[in-house]
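Coordinates as given in run_16.csv (CSV, C-alpha atoms):
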chain,number,residue,atom,x,y,z
H,3,MET,CA,121.3,96.0,87.4
H,4,THR,CA,117.8,96.6,88.6
H,5,LYS,CA,115.3,93.8,88.8
H,6,LEU,CA,113.4,95.3,86.0
H,7,ALA,CA,116.5,95.4,83.8
H,8,GLN,CA,117.2,91.7,84.7
H,9,TRP,CA,113.7,90.8,83.6
H,10,LEU,CA,113.9,92.7,80.4
H,11,CYS,CA,117.3,91.1,79.6
H,12,GLY,CA,116.0,87.7,80.4
H,13,LEU,CA,112.8,88.1,78.3
H,14,ALA,CA,114.8,89.6,75.4
H,15,LEU,CA,117.2,86.6,75.5
H,16,LEU,CA,114.5,84.0,75.6
H,17,GLY,CA,112.3,85.9,73.2
H,18,SER,CA,114.9,86.2,70.6
H,19,ALA,CA,115.9,82.6,70.9
H,20,TRP,CA,112.3,81.6,70.5
H,21,ALA,CA,111.7,83.9,67.6
H,22,ALA,CA,114.9,82.7,65.8
H,23,LEU,CA,113.7,79.1,66.1
H,24,ALA,CA,110.0,79.4,65.7
H,25,LEU,CA,109.7,82.1,63.2
H,26,ALA,CA,112.7,81.2,61.0
H,27,PRO,CA,112.4,81.3,57.2
H,28,PRO,CA,111.5,78.0,55.6
H,29,GLY,CA,115.1,77.0,54.8
H,30,LEU,CA,116.3,77.2,58.4
H,31,GLN,CA,113.3,75.8,60.2
H,32,PRO,CA,113.8,73.0,62.8
H,33,PRO,CA,111.9,69.7,62.1
H,34,GLY,CA,108.1,69.6,62.1
H,35,PRO,CA,107.1,68.3,65.6
H,36,LEU,CA,109.7,70.6,67.3
H,37,ARG,CA,108.4,73.6,65.5
H,38,GLN,CA,104.8,72.7,66.4
H,39,ALA,CA,105.7,72.6,70.1
H,40,LEU,CA,107.8,75.7,69.9
H,41,LEU,CA,105.2,78.1,68.5
H,42,PRO,CA,102.7,78.1,71.4
H,43,LEU,CA,105.5,77.7,74.0
H,44,PRO,CA,105.3,81.3,75.4
H,45,VAL,CA,101.6,80.9,76.0
H,46,TYR,CA,102.1,77.5,77.6
H,47,LEU,CA,104.7,78.9,79.9
H,48,LEU,CA,102.5,81.8,80.9
H,49,VAL,CA,99.6,79.5,81.7
H,50,ALA,CA,101.9,77.2,83.6
H,51,PHE,CA,103.2,80.1,85.6
H,52,GLY,CA,99.7,81.2,86.3
H,53,CYS,CA,98.8,77.7,87.6
H,54,TYR,CA,101.9,77.6,89.7
H,55,SER,CA,101.1,81.0,91.2
H,56,LEU,CA,97.5,80.0,92.1
H,57,ALA,CA,98.7,76.7,93.6
H,58,THR,CA,101.5,78.3,95.6
H,59,VAL,CA,99.3,81.1,97.0
H,60,GLY,CA,96.5,78.7,97.7
H,61,TYR,CA,98.8,76.3,99.6
H,62,ARG,CA,100.4,79.2,101.6
H,63,LEU,CA,96.9,80.5,102.4
H,64,ALA,CA,95.8,77.1,103.6
H,65,THR,CA,98.9,76.6,105.8
H,66,PHE,CA,98.9,80.1,107.2
H,67,ASN,CA,99.2,79.5,111.0
H,68,ASP,CA,96.6,80.8,113.3
H,69,CYS,CA,98.2,81.8,116.6
H,70,GLU,CA,95.4,81.0,119.0
H,71,GLU,CA,97.8,80.4,122.0
H,72,ALA,CA,99.6,83.6,121.3
H,73,ALA,CA,96.4,85.6,121.6
H,74,VAL,CA,95.4,83.9,124.8
H,75,GLU,CA,98.8,84.4,126.3
H,76,LEU,CA,98.7,88.0,125.4
H,77,GLN,CA,95.5,88.5,127.3
H,78,GLU,CA,97.0,87.0,130.4
H,79,HIS,CA,100.1,89.2,130.1
H,80,ILE,CA,97.9,92.3,129.7
H,81,ARG,CA,96.1,91.4,132.9
H,82,ALA,CA,99.3,90.9,134.8
H,83,ALA,CA,100.8,94.1,133.3
H,84,ARG,CA,97.9,96.3,134.3
H,85,ALA,CA,97.8,95.0,137.8
H,86,ASP,CA,101.6,95.5,138.3
H,87,LEU,CA,101.6,98.9,136.7
H,88,ARG,CA,98.8,100.1,138.9
H,89,ARG,CA,100.8,98.9,141.9
H,90,ARG,CA,103.8,100.9,140.6
H,91,GLY,CA,101.7,104.1,140.5
H,92,LEU,CA,100.7,104.3,136.9
H,93,ARG,CA,97.4,106.1,136.4
H,94,LEU,CA,95.7,104.2,133.6
F,12,MET,CA,121.4,108.9,129.1
F,13,ALA,CA,123.4,106.0,130.6
F,14,ALA,CA,126.8,105.1,129.3
F,15,PRO,CA,126.7,102.5,126.5
F,16,GLY,CA,127.6,98.9,127.6
F,17,PRO,CA,128.6,95.9,125.6
F,18,GLY,CA,125.6,94.2,123.8
F,19,ARG,CA,123.1,96.8,125.0
F,20,LEU,CA,119.8,96.8,123.1
F,21,SER,CA,117.9,99.9,122.2
F,22,VAL,CA,114.2,99.5,121.4
F,23,LEU,CA,112.8,102.2,119.1
F,24,LEU,CA,109.0,102.6,119.6
F,25,PRO,CA,107.3,105.1,117.3
F,26,THR,CA,103.9,105.7,118.7
F,27,TYR,CA,100.7,107.4,117.6
F,28,ASN,CA,97.6,107.2,119.8
F,29,GLU,CA,98.9,104.3,121.9
F,30,ARG,CA,97.8,105.5,125.2
F,31,ASP,CA,96.4,102.1,126.2
F,32,ASN,CA,99.0,99.9,124.7
F,33,LEU,CA,102.2,101.8,125.5
F,34,PRO,CA,102.4,100.9,129.2
F,35,LEU,CA,101.7,97.3,128.4
F,36,VAL,CA,104.4,97.1,125.7
F,37,VAL,CA,106.9,98.8,128.0
F,38,TRP,CA,106.0,96.5,130.9
F,39,LEU,CA,106.4,93.4,128.7
F,40,LEU,CA,109.7,94.7,127.3
F,41,ALA,CA,111.1,95.4,130.8
F,42,ARG,CA,110.0,92.1,132.1
F,43,THR,CA,111.4,90.1,129.1
F,44,PHE,CA,114.8,91.9,129.4
F,45,SER,CA,115.1,91.5,133.1
F,46,ASP,CA,114.2,87.8,132.8
F,47,SER,CA,116.9,87.4,130.2
F,48,GLY,CA,119.5,89.6,131.8
F,49,ILE,CA,119.6,91.9,128.7
F,50,ASP,CA,120.8,95.5,129.1
F,51,PHE,CA,118.3,97.7,127.5
F,52,GLU,CA,116.8,101.1,126.9
F,53,ILE,CA,113.4,102.0,125.3
F,54,ILE,CA,113.1,105.1,123.2
F,55,VAL,CA,109.5,106.2,122.7
F,56,ILE,CA,109.0,108.7,119.8
F,57,ASP,CA,105.6,110.0,119.7
F,58,ASP,CA,104.1,111.7,116.6
F,59,GLY,CA,102.1,114.3,118.5
F,60,SER,CA,99.3,111.9,119.7
F,61,PRO,CA,96.2,113.8,120.9
F,62,ASP,CA,95.1,111.0,123.2
F,63,GLY,CA,97.5,111.4,126.1
F,64,THR,CA,100.2,109.0,124.9
F,65,GLN,CA,102.8,111.6,125.9
F,66,GLU,CA,101.6,111.8,129.5
F,67,VAL,CA,101.7,108.1,129.8
F,68,ALA,CA,105.2,107.9,128.4
F,69,GLN,CA,106.4,110.4,130.8
F,70,GLN,CA,104.8,108.5,133.7
F,71,LEU,CA,106.6,105.4,132.5
F,72,GLU,CA,109.9,107.3,132.4
F,73,LYS,CA,109.4,108.1,136.1
F,74,ILE,CA,108.5,104.5,137.0
F,75,TYR,CA,111.3,102.8,135.2
F,76,GLY,CA,114.0,105.5,135.3
F,77,SER,CA,115.2,107.8,132.6
F,78,ASP,CA,118.1,105.5,131.8
F,79,LYS,CA,115.7,102.9,130.8
F,80,ILE,CA,113.0,104.9,129.1
F,81,LEU,CA,113.5,108.0,127.0
F,82,PHE,CA,110.6,110.0,125.6
F,83,LEU,CA,111.2,112.1,122.6
F,84,PHE,CA,109.0,114.6,120.9
F,85,PRO,CA,108.6,114.2,117.1
F,86,SER,CA,111.2,115.8,114.9
F,87,GLY,CA,111.4,114.5,111.3
F,88,THR,CA,111.5,110.8,110.8
F,89,ALA,CA,110.9,108.9,114.1
F,90,TYR,CA,113.6,106.3,113.5
F,91,ILE,CA,116.3,108.7,112.5
F,92,HIS,CA,115.4,111.0,115.4
F,93,GLY,CA,115.3,108.1,117.9
F,94,MET,CA,118.6,106.6,116.6
F,95,LYS,CA,120.5,109.8,117.5
F,96,TYR,CA,119.7,109.0,121.2
F,97,ALA,CA,120.2,105.3,121.0
F,98,THR,CA,123.3,104.1,123.0
F,99,GLY,CA,122.9,100.4,122.2
F,100,ASP,CA,124.9,98.2,119.8
F,101,PHE,CA,121.7,96.7,118.5
F,102,ILE,CA,118.4,98.3,117.7
F,103,VAL,CA,115.0,96.7,117.8
F,104,ILE,CA,112.2,98.1,115.7
F,105,MET,CA,108.7,97.0,116.6
F,106,ASP,CA,105.0,98.0,116.7
F,107,ALA,CA,103.8,99.5,119.9
F,108,ASP,CA,100.2,98.1,119.6
F,109,LEU,CA,100.9,94.7,121.1
F,110,SER,CA,100.8,93.0,117.7
F,111,HIS,CA,104.5,92.2,118.3
F,112,HIS,CA,105.3,90.4,121.5
F,113,PRO,CA,108.7,91.3,123.2
F,114,LYS,CA,109.2,87.6,124.1
F,115,PHE,CA,110.7,87.1,120.6
F,116,ILE,CA,113.5,89.6,121.2
F,117,PRO,CA,115.7,87.1,123.0
F,118,GLU,CA,115.2,84.7,120.1
F,119,PHE,CA,116.3,87.5,117.7
F,120,ILE,CA,119.4,88.0,119.8
F,121,ARG,CA,120.1,84.3,119.8
F,122,LYS,CA,119.7,84.1,116.0
F,123,GLN,CA,121.9,87.1,115.5
F,124,LYS,CA,124.7,85.5,117.5
F,125,GLU,CA,124.2,82.2,115.8
F,126,GLY,CA,124.9,83.6,112.3
F,127,ASN,CA,126.5,86.9,113.1
F,128,PHE,CA,123.7,88.5,111.1
F,129,ASP,CA,123.4,92.2,110.4
F,130,ILE,CA,119.7,92.1,110.6
F,131,VAL,CA,117.2,89.6,112.1
F,132,SER,CA,113.7,89.8,110.7
F,133,GLY,CA,110.6,88.4,112.4
F,134,THR,CA,108.6,86.4,109.8
F,135,ARG,CA,104.9,85.5,109.9
F,136,TYR,CA,105.2,83.2,107.0
F,137,LYS,CA,107.8,80.5,107.9
F,138,GLY,CA,108.2,77.9,110.6
F,139,ASN,CA,105.6,78.3,113.3
F,140,GLY,CA,105.2,82.0,112.6
F,141,GLY,CA,101.7,83.1,112.0
F,142,VAL,CA,98.9,85.6,112.6
F,143,TYR,CA,95.9,85.8,115.0
F,144,GLY,CA,92.8,87.8,114.2
F,145,TRP,CA,92.8,87.8,110.4
F,146,ASP,CA,90.0,86.5,108.2
F,147,LEU,CA,90.4,84.6,105.0
F,148,LYS,CA,90.3,87.7,102.8
F,149,ARG,CA,93.1,89.4,104.8
F,150,LYS,CA,95.2,86.3,104.8
F,151,LEU,CA,94.8,85.9,101.0
F,152,ILE,CA,95.8,89.5,100.4
F,153,SER,CA,98.8,89.1,102.6
F,154,ARG,CA,100.0,85.8,100.9
F,155,GLY,CA,99.2,87.2,97.4
F,156,ALA,CA,101.1,90.4,98.0
F,157,ASN,CA,104.0,88.5,99.5
F,158,PHE,CA,104.1,86.1,96.5
F,159,LEU,CA,104.2,89.0,94.1
F,160,THR,CA,107.0,90.5,96.1
F,161,GLN,CA,109.0,87.3,96.1
F,162,VAL,CA,108.6,86.9,92.3
F,163,LEU,CA,109.5,90.5,91.5
F,164,LEU,CA,112.2,91.3,94.0
F,165,ARG,CA,113.7,87.8,95.0
F,166,PRO,CA,114.6,89.4,98.3
F,167,GLY,CA,116.1,86.4,100.2
F,168,ALA,CA,113.7,87.0,103.1
F,169,SER,CA,110.2,85.5,103.5
F,170,ASP,CA,108.4,88.4,105.2
F,171,LEU,CA,109.2,91.7,103.6
F,172,THR,CA,106.5,93.9,105.0
F,173,GLY,CA,107.1,92.8,108.6
F,174,SER,CA,108.2,95.5,111.0
F,175,PHE,CA,109.6,93.5,113.9
F,176,ARG,CA,113.3,93.4,113.4
F,177,LEU,CA,116.7,93.6,115.1
F,178,TYR,CA,119.4,95.7,113.4
F,179,ARG,CA,123.1,96.3,114.2
F,180,LYS,CA,123.1,100.0,114.9
F,181,GLU,CA,125.6,100.9,112.1
F,182,VAL,CA,123.5,98.9,109.6
F,183,LEU,CA,120.3,100.7,110.5
F,184,GLU,CA,122.0,104.1,110.2
F,185,LYS,CA,123.4,103.2,106.8
F,186,LEU,CA,120.0,101.9,105.6
F,187,MET,CA,118.1,104.9,106.9
F,188,GLU,CA,120.3,107.1,104.8
F,189,LYS,CA,119.4,105.2,101.7
F,190,CYS,CA,115.7,104.4,102.1
F,191,VAL,CA,113.1,106.9,100.8
F,192,SER,CA,109.7,105.2,101.0
F,193,LYS,CA,107.1,105.0,103.7
F,194,GLY,CA,104.8,102.5,105.4
F,195,TYR,CA,104.9,98.9,104.2
F,196,VAL,CA,107.1,99.8,101.3
F,197,PHE,CA,109.7,101.3,103.7
F,198,GLN,CA,110.0,98.0,105.5
F,199,MET,CA,110.5,96.2,102.1
F,200,GLU,CA,113.0,98.7,100.9
F,201,MET,CA,115.1,98.2,104.1
F,202,ILE,CA,115.6,94.5,103.4
F,203,VAL,CA,116.1,95.0,99.6
F,204,ARG,CA,118.8,97.7,100.2
F,205,ALA,CA,120.4,95.7,102.9
F,206,ARG,CA,120.9,92.8,100.5
F,207,GLN,CA,122.2,95.2,97.9
F,208,LEU,CA,124.8,96.5,100.4
F,209,GLY,CA,125.9,92.9,101.2
F,210,PHE,CA,124.3,92.8,104.7
F,211,THR,CA,123.1,89.4,106.0
F,212,VAL,CA,119.5,88.8,107.1
F,213,GLY,CA,118.5,86.0,109.5
F,214,GLU,CA,114.9,85.1,110.2
F,215,VAL,CA,112.9,84.1,113.3
F,216,PRO,CA,109.3,83.0,113.2
F,217,ILE,CA,107.0,85.3,115.1
F,218,SER,CA,103.3,85.4,115.9
F,219,PHE,CA,101.5,88.6,115.0
F,220,VAL,CA,98.4,89.3,117.1
F,221,ASP,CA,96.3,91.8,115.3
F,222,ARG,CA,95.1,94.9,117.2
F,223,VAL,CA,93.9,94.2,120.7
F,224,TYR,CA,92.7,97.8,120.9
F,225,GLY,CA,91.8,100.2,118.1
F,226,GLU,CA,91.2,99.4,114.5
F,227,SER,CA,93.2,98.0,111.7
F,228,LYS,CA,92.6,99.1,108.2
F,229,LEU,CA,93.6,97.6,104.9
F,230,GLY,CA,91.6,99.5,102.3
F,231,GLY,CA,91.9,99.9,98.5
F,232,ASN,CA,94.2,102.9,99.1
F,233,GLU,CA,96.7,100.9,101.0
F,234,ILE,CA,96.8,98.1,98.4
F,235,VAL,CA,97.3,100.6,95.6
F,236,SER,CA,100.1,102.4,97.4
F,237,PHE,CA,101.7,99.0,98.2
F,238,LEU,CA,101.6,98.1,94.5
F,239,LYS,CA,103.0,101.4,93.5
F,240,GLY,CA,105.8,101.0,96.0
F,241,LEU,CA,106.5,97.5,94.9
F,242,LEU,CA,106.8,98.5,91.3
F,243,THR,CA,109.0,101.4,92.2
F,244,LEU,CA,111.4,99.1,94.1
F,245,PHE,CA,111.2,96.7,91.1
F,246,ALA,CA,112.3,99.4,88.7
F,247,THR,CA,114.9,101.1,90.9
F,248,THR,CA,116.7,98.4,92.9
Any chance you could put this one into structure tokens?
Amino acid sequence: MTKLAQWLCGLALLGSAWAALALAPPGLQPPGPLRQALLPLPVYLLVAFGCYSLATVGYRLATFNDCEEAAVELQEHIRAARADLRRRGLRL
Amino acid sequence: MAAPGPGRLSVLLPTYNERDNLPLVVWLLARTFSDSGIDFEIIVIDDGSPDGTQEVAQQLEKIYGSDKILFLFPSGTAYIHGMKYATGDFIVIMDADLSHHPKFIPEFIRKQKEGNFDIVSGTRYKGNGGVYGWDLKRKLISRGANFLTQVLLRPGASDLTGSFRLYRKEVLEKLMEKCVSKGYVFQMEMIVRARQLGFTVGEVPISFVDRVYGESKLGGNEIVSFLKGLLTLFATT
């Protein structure tokens, strides 16, 4: 099953469960407070996911390592490499 | 070409206009491997560079010996073409522009032995992996794109667009048959297909030093094609 298919299945499952409970005809409705919380649930979840995404990307951006020593080391290695290659006869 | 030995490593280096960087990369590779006692060969596949990369590669072949360096003219996909000549059990794919440092290759090998992994992928996003030379905007795009990829593809690897990896030779051959995309998306597709086929992926933190020479571009076009590629993988794998 492709990822897209998995998502569609998952959304269909959750969507129909939500619709069955939240949009049920008057006789089959769950109690008042539960129904009040259920109706806006999809929007709440979307907003919660949006916040989670922002927080996660923000955190990862802030903790993205800067490899200063790697850059310095590379410059040294380049110097050594060029000197040695010249010795070995490479025309740079 | 030399006879294959146990645990020999083939490095595939596709190049385009790397006249300045190629000798440096080859020198670093040769030194890393001789320091670690690793049997190796380097296969340079040049895509018709107009800047003299070919001449430099041929000079290097003379200096290091043609059992250590092989230069190939372009013919179809660089990796597929290069693999035909590879005699190693393991293949390392990396960039030839010094953004990837060969010093990590012994760590890839160590990790591979540790978990008997089919693929070892260098990651910029975990442990003490990281990047040098990126501004905030570039880092944000990178982290944002990676987050989207993780959510949509749940790939089981932290750095999907990285191109510094070690593969078992048979695994790379199998994957090259199946992968159809190019560029960033190709690297992503390799990992996604590998997981589909039940191959194991290990990770090693690496540092990515952005372009010492030359220019690096991440324009709107690249972002759009990345998103298209991501959505295609999402819908087809």
#### Entry: Interface, chain F side, toward chain H (6 Å; all atoms listed in the file) as a list in words
Leu35, Gly141, Val142, Tyr143, Leu151, Phe245, Ala246, Thr247 and Thr248 of chain F
### Task
Starting from the point (121.3, 99.8, 104.9), work out which residues of protein, DNA or RNA have an atom no more than 10 Å away when counting all atoms listed in the file; state them as a PyMOL selection string.
chain F and resi 129-130+178+181-190+200-210
### Task
Find the distance between atom CA of F:Val37 and atom CA of F:Val215 and write it in Å to one decimal.
21.6 Å
### Query
atom CA of F:Ser60 to atom CA of F:Asp106: how many Å, to one decimal?
15.3 Å
### Query
Within 10 Å of F:Ser192, counting all atoms listed in the file, which residues qualify if same-chain residues fewer than 4 places away don't, as a PyMOL selection string?
chain F and resi 196-201+240+243-244
Residues as selected, C-alpha atoms, written as a PDB file, keeping the file's coordinate frame, can you do that?
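Output file again.pdb is given in full below:
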ATOM      1  CA  VAL F 196     107.100  99.800 101.300  1.00  0.00           C
ATOM      2  CA  PHE F 197     109.700 101.300 103.700  1.00  0.00           C
ATOM      3  CA  GLN F 198     110.000  98.000 105.500  1.00  0.00           C
ATOM      4  CA  MET F 199     110.500  96.200 102.100  1.00  0.00           C
ATOM      5  CA  GLU F 200     113.000  98.700 100.900  1.00  0.00           C
ATOM      6  CA  MET F 201     115.100  98.200 104.100  1.00  0.00           C
ATOM      7  CA  GLY F 240     105.800 101.000  96.000  1.00  0.00           C
ATOM      8  CA  THR F 243     109.000 101.400  92.200  1.00  0.00           C
ATOM      9  CA  LEU F 244     111.400  99.100  94.100  1.00  0.00           C
TER      10      LEU F 244
END
### Message
I'd like to know which of F:Trp38, F:Phe219, F:Phe237, F:Phe101 is closest to F:Leu23, using all atoms listed in the file.
### Response
F:Phe101
### Task
Dig up all the protein and nucleic acid residues within 8 Å of (113.6, 90.5, 107.5) in the file frame, using all atoms listed in the file, and format them as a list in words.
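Result, sorted by chain then residue number: Ile130, Val131, Ser132, Gly133, Thr134, Ala168, Ser169, Asp170, Leu171, Gly173, Arg176, Ile202, Val212, Gly213 and Glu214 of chain F.
The space separating atom CA of F:Leu33 from atom CA of F:Asp46 comes to 19.8 Å.
Counting only C-alpha atoms and comparing H:Ala85, H:Ala21, H:Ala39, H:Gly52, the residue that lies closest to F:Pro34 is H:Ala85.
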### Task
Compare F:Asn28, F:Asn127, F:Gln70, F:Asn139 by their minimum atom-to-atom distance to F:Arg179, counting all atoms listed in the file, and give me the closest one.
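Smallest distance to F:Arg179 is found for F:Asn127.
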### Query
Pick from F:Gln69, F:Arg154, F:Thr160, F:Gly18: nearest to H:Ala57, with all atoms listed in the file counted?
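Of F:Gln69, F:Arg154, F:Thr160, F:Gly18, the one nearest H:Ala57 is F:Arg154, counting all atoms listed in the file.
The smallest atom-to-atom distance between F:Arg149 and any of F:Gly99, F:Gly230, F:Gly59, F:Gly76, using all atoms listed in the file, is found for F:Gly230.
Look at F:Thr26: the protein and nucleic acid residues within 10 Å of it, using only C-alpha atoms and passing over chain neighbours fewer than 4 places away, are Arg30, Asn32, Leu33, Val55, Ile56, Asp57, Asp58, Gly59, Ser60, Thr64, Gln65, Pro85, Ala89, Asp106, Ala107 and Asp108 of chain F.
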Suppose we keep C-alpha atoms; can you now write the selection as a PDB file, in the coordinates of the input?
ATOM      1  CA  ARG F  30      97.800 105.500 125.200  1.00  0.00           C
ATOM      2  CA  ASN F  32      99.000  99.900 124.700  1.00  0.00           C
ATOM      3  CA  LEU F  33     102.200 101.800 125.500  1.00  0.00           C
ATOM      4  CA  VAL F  55     109.500 106.200 122.700  1.00  0.00           C
ATOM      5  CA  ILE F  56     109.000 108.700 119.800  1.00  0.00           C
ATOM      6  CA  ASP F  57     105.600 110.000 119.700  1.00  0.00           C
ATOM      7  CA  ASP F  58     104.100 111.700 116.600  1.00  0.00           C
ATOM      8  CA  GLY F  59     102.100 114.300 118.500  1.00  0.00           C
ATOM      9  CA  SER F  60      99.300 111.900 119.700  1.00  0.00           C
ATOM     10  CA  THR F  64     100.200 109.000 124.900  1.00  0.00           C
ATOM     11  CA  GLN F  65     102.800 111.600 125.900  1.00  0.00           C
ATOM     12  CA  PRO F  85     108.600 114.200 117.100  1.00  0.00           C
ATOM     13  CA  ALA F  89     110.900 108.900 114.100  1.00  0.00           C
ATOM     14  CA  ASP F 106     105.000  98.000 116.700  1.00  0.00           C
ATOM     15  CA  ALA F 107     103.800  99.500 119.900  1.00  0.00           C
ATOM     16  CA  ASP F 108     100.200  98.100 119.600  1.00  0.00           C
TER      17      ASP F 108
END
